[in-house]
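Asks: Pasting structure_6.csv here (CSV, N, CA and C atoms):
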```
chain,number,residue,atom,x,y,z
A,1,MET,N,16.4,10.4,39.6
A,1,MET,CA,17.8,10.9,39.5
A,1,MET,C,17.7,12.2,38.6
A,2,SER,N,18.5,13.2,39.0
A,2,SER,CA,18.5,14.5,38.3
A,2,SER,C,19.3,14.4,37.1
A,3,ARG,N,19.0,15.3,36.2
A,3,ARG,CA,19.8,15.4,34.9
A,3,ARG,C,20.9,16.4,35.0
A,4,TRP,N,21.0,17.1,36.1
A,4,TRP,CA,22.1,18.1,36.3
A,4,TRP,C,23.5,17.6,36.2
A,5,PRO,N,23.8,16.4,36.9
A,5,PRO,CA,25.2,15.9,36.8
A,5,PRO,C,25.6,15.6,35.3
A,6,ALA,N,24.7,15.0,34.6
A,6,ALA,CA,25.0,14.7,33.2
A,6,ALA,C,25.1,16.0,32.4
A,7,LEU,N,24.3,17.0,32.6
A,7,LEU,CA,24.4,18.2,31.9
A,7,LEU,C,25.7,19.0,32.2
A,8,LEU,N,26.0,19.0,33.5
A,8,LEU,CA,27.3,19.6,33.9
A,8,LEU,C,28.5,18.9,33.3
A,9,THR,N,28.5,17.6,33.3
A,9,THR,CA,29.6,16.9,32.8
A,9,THR,C,29.8,17.0,31.3
A,10,THR,N,28.6,16.9,30.6
A,10,THR,CA,28.7,17.1,29.1
A,10,THR,C,29.1,18.5,28.7
A,11,THR,N,28.5,19.5,29.4
A,11,THR,CA,28.9,20.9,29.1
A,11,THR,C,30.4,21.1,29.4
A,12,GLY,N,30.9,20.6,30.4
A,12,GLY,CA,32.3,20.7,30.8
A,12,GLY,C,33.2,20.1,29.7
A,13,VAL,N,32.9,18.9,29.3
A,13,VAL,CA,33.7,18.2,28.3
A,13,VAL,C,33.7,19.0,27.0
A,14,LEU,N,32.5,19.5,26.6
A,14,LEU,CA,32.4,20.3,25.4
A,14,LEU,C,33.3,21.6,25.5
A,15,LEU,N,33.2,22.3,26.7
A,15,LEU,CA,34.0,23.5,26.9
A,15,LEU,C,35.5,23.2,26.8
A,16,VAL,N,35.9,22.0,27.4
A,16,VAL,CA,37.3,21.7,27.3
A,16,VAL,C,37.8,21.5,25.9
A,17,ALA,N,36.9,20.7,25.1
A,17,ALA,CA,37.2,20.5,23.7
A,17,ALA,C,37.3,21.8,22.9
A,18,ALA,N,36.4,22.7,23.2
A,18,ALA,CA,36.4,24.0,22.5
A,18,ALA,C,37.6,24.8,22.9
A,19,GLY,N,37.9,24.9,24.1
A,19,GLY,CA,39.1,25.6,24.6
A,19,GLY,C,40.4,25.1,24.0
A,20,LEU,N,40.5,23.8,24.0
A,20,LEU,CA,41.7,23.2,23.5
A,20,LEU,C,41.8,23.4,22.0
A,21,THR,N,40.7,23.4,21.3
A,21,THR,CA,40.7,23.7,19.8
A,21,THR,C,41.1,25.1,19.6
A,22,VAL,N,40.6,26.0,20.4
A,22,VAL,CA,41.0,27.5,20.2
A,22,VAL,C,42.5,27.6,20.4
A,23,VAL,N,43.0,27.0,21.5
A,23,VAL,CA,44.5,27.1,21.8
A,23,VAL,C,45.3,26.5,20.7
A,24,MET,N,44.9,25.3,20.2
A,24,MET,CA,45.7,24.6,19.2
A,24,MET,C,45.7,25.3,17.8
A,25,VAL,N,44.7,26.0,17.5
A,25,VAL,CA,44.7,26.7,16.2
A,25,VAL,C,45.7,27.8,16.2
A,26,GLU,N,46.5,28.0,15.2
A,26,GLU,CA,47.5,29.0,15.1
A,26,GLU,C,46.8,30.4,14.9
A,27,MET,N,46.8,31.2,16.0
A,27,MET,CA,46.2,32.5,15.9
A,27,MET,C,47.3,33.5,16.3
A,28,PRO,N,47.3,34.7,15.7
A,28,PRO,CA,48.4,35.6,16.0
A,28,PRO,C,48.2,36.4,17.3
A,29,SER,N,47.0,36.2,17.9
A,29,SER,CA,46.7,37.0,19.1
A,29,SER,C,46.8,36.2,20.4
A,30,PRO,N,47.6,36.6,21.4
A,30,PRO,CA,47.7,35.9,22.6
A,30,PRO,C,46.4,36.0,23.4
A,31,GLN,N,45.6,37.0,23.2
A,31,GLN,CA,44.3,37.1,23.9
A,31,GLN,C,43.4,35.9,23.6
A,32,ILE,N,43.5,35.5,22.3
A,32,ILE,CA,42.6,34.4,21.9
A,32,ILE,C,43.1,33.1,22.6
A,33,ASP,N,44.4,32.9,22.7
A,33,ASP,CA,45.0,31.7,23.4
A,33,ASP,C,44.5,31.8,24.9
A,34,THR,N,44.5,33.0,25.5
A,34,THR,CA,44.1,33.1,26.9
A,34,THR,C,42.7,32.7,27.0
A,35,ALA,N,41.8,33.2,26.1
A,35,ALA,CA,40.4,32.9,26.2
A,35,ALA,C,40.2,31.4,26.0
A,36,GLY,N,40.9,30.7,25.1
A,36,GLY,CA,40.8,29.3,25.0
A,36,GLY,C,41.2,28.5,26.2
A,37,GLY,N,42.3,29.0,26.8
A,37,GLY,CA,42.7,28.4,28.1
A,37,GLY,C,41.7,28.5,29.2
A,38,LEU,N,41.1,29.7,29.3
A,38,LEU,CA,40.1,29.9,30.3
A,38,LEU,C,38.8,29.0,30.0
A,39,LEU,N,38.5,28.9,28.7
A,39,LEU,CA,37.4,28.0,28.4
A,39,LEU,C,37.7,26.5,28.9
A,40,ALA,N,38.9,26.1,28.6
A,40,ALA,CA,39.3,24.8,29.0
A,40,ALA,C,39.3,24.6,30.5
A,41,ILE,N,39.8,25.6,31.3
A,41,ILE,CA,39.8,25.5,32.7
A,41,ILE,C,38.4,25.5,33.3
A,42,ILE,N,37.5,26.4,32.8
A,42,ILE,CA,36.1,26.4,33.2
A,42,ILE,C,35.5,25.0,32.9
A,43,GLY,N,35.8,24.5,31.7
A,43,GLY,CA,35.2,23.2,31.3
A,43,GLY,C,35.7,22.1,32.3
A,44,LEU,N,37.0,22.1,32.7
A,44,LEU,CA,37.5,21.1,33.6
A,44,LEU,C,36.7,21.2,35.0
A,45,GLY,N,36.5,22.4,35.4
A,45,GLY,CA,35.7,22.6,36.7
A,45,GLY,C,34.3,22.1,36.6
A,46,LEU,N,33.7,22.4,35.5
A,46,LEU,CA,32.3,21.9,35.3
A,46,LEU,C,32.3,20.3,35.2
A,47,THR,N,33.2,19.8,34.5
A,47,THR,CA,33.3,18.3,34.4
A,47,THR,C,33.5,17.7,35.8
A,48,PHE,N,34.4,18.3,36.5
A,48,PHE,CA,34.7,17.7,37.9
A,48,PHE,C,33.4,17.9,38.8
A,49,ALA,N,32.8,19.0,38.7
A,49,ALA,CA,31.6,19.2,39.5
A,49,ALA,C,30.5,18.2,39.1
A,50,GLY,N,30.3,18.0,37.8
A,50,GLY,CA,29.3,17.1,37.3
A,50,GLY,C,29.6,15.6,37.8
A,51,ALA,N,30.9,15.3,37.7
A,51,ALA,CA,31.3,13.9,38.1
A,51,ALA,C,31.1,13.7,39.6
A,52,VAL,N,31.4,14.7,40.4
A,52,VAL,CA,31.2,14.6,41.8
A,52,VAL,C,29.7,14.4,42.1
A,53,ARG,N,28.8,15.3,41.5
A,53,ARG,CA,27.4,15.1,41.7
A,53,ARG,C,26.9,13.8,41.2
A,54,TRP,N,27.4,13.3,40.1
A,54,TRP,CA,27.0,12.1,39.6
A,54,TRP,C,27.3,10.9,40.6
A,55,THR,N,28.5,11.0,41.1
A,55,THR,CA,28.9,9.9,42.1
A,55,THR,C,28.0,10.0,43.3
A,56,ARG,N,27.7,11.2,43.8
A,56,ARG,CA,26.9,11.3,45.0
A,56,ARG,C,25.5,10.8,44.7
A,57,SER,N,24.9,11.1,43.5
A,57,SER,CA,23.6,10.6,43.1
A,57,SER,C,23.6,9.1,43.0
A,58,TRP,N,24.6,8.5,42.5
A,58,TRP,CA,24.7,7.0,42.5
A,58,TRP,C,24.8,6.4,43.9
A,59,SER,N,25.4,7.1,44.8
A,59,SER,CA,25.6,6.5,46.1
A,59,SER,C,24.3,6.6,46.9
A,60,ASP,N,23.4,7.5,46.5
A,60,ASP,CA,22.1,7.7,47.1
A,60,ASP,C,21.1,6.6,46.8
A,61,LEU,N,21.4,5.8,45.7
A,61,LEU,CA,20.5,4.8,45.3
A,61,LEU,C,20.5,3.6,46.2
```
Represent the structure from my file as structure tokens, please.

Replies:
Amino acid sequence: MSRWPALLTTTGVLLVAAGLTVVMVEMPSPQIDTAGGLLAIIGLGLTFAGAVRWTRSWSDL
């Protein structure tokens, strides 16, 4: 079984957490909030991709 699904999922979850942390911290710049939102969205995509690959790898067993 490949390690890629776990790596994608873990990286995605960490990016979501980092993005939400950036958005929740009171910063005066809207660009920082936008960057945090983009991090969270990219993290959600990676998490979803990792979960789909993980499910497919389990079904191959």

Asks: Give me, as JSON, numbers by chain, all polymer residues having an atom no more than 9 Å from A:Ser2, counting only C-alpha atoms and skipping those fewer than 2 positions away in the same chain.

Replies: {"A": [4, 5, 6, 54, 57]}

Asks: Taking 4 positions as the minimum chain separation for residues in the same chain, which residues sit within 8 Å of A:Leu15 when counting only C-alpha atoms? Answer as a ChimeraX atom specification.

Replies: /A:11,19,39-40,42-44

Asks: Ranking A:Thr55, A:Thr34, A:Ser29, A:Thr47 by minimum distance to A:Val16 and counting only C-alpha atoms, which one comes first?

Replies: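 Smallest separation from A:Val16 among the options: A:Thr47.
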
Asks: How far is it from atom N of A:Val22 to atom N of A:Ala51, in Å with one decimal?

Replies: 22.5 Å

Asks: State, in Å with one decimal place, the distance from atom CA of A:Thr10 to atom C of A:Asp33.

Replies: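 One can read the atom CA of A:Thr10 to atom C of A:Asp33 distance as 22.0 Å.
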
Asks: Pick out the closest residue to A:Leu20 from this set: A:Gly37, A:Phe48, A:Leu8, A:Trp58. Count only C-alpha atoms.

Replies: A:Gly37

Asks: Around all the atoms of stretch 28-31 of chain A listed in the file, with 5 Å of room on each side, what axis-aligned box do you get, giving centre and edge lengths in Å to one decimal, as JSON?

Replies:
```
{"center_x": 45.9, "center_y": 35.9, "center_z": 19.8, "size_x": 15.0, "size_y": 12.4, "size_z": 18.2}
```

Asks: In Å, with one decimal, what is the gap from atom C of A:Glu26 to atom C of A:Thr9?

Replies: 27.2 Å

Asks: Among chain A, which residues carry a DSSP assignment of alpha helix (DSSP H), reported as a count of residues only?

Replies: 51
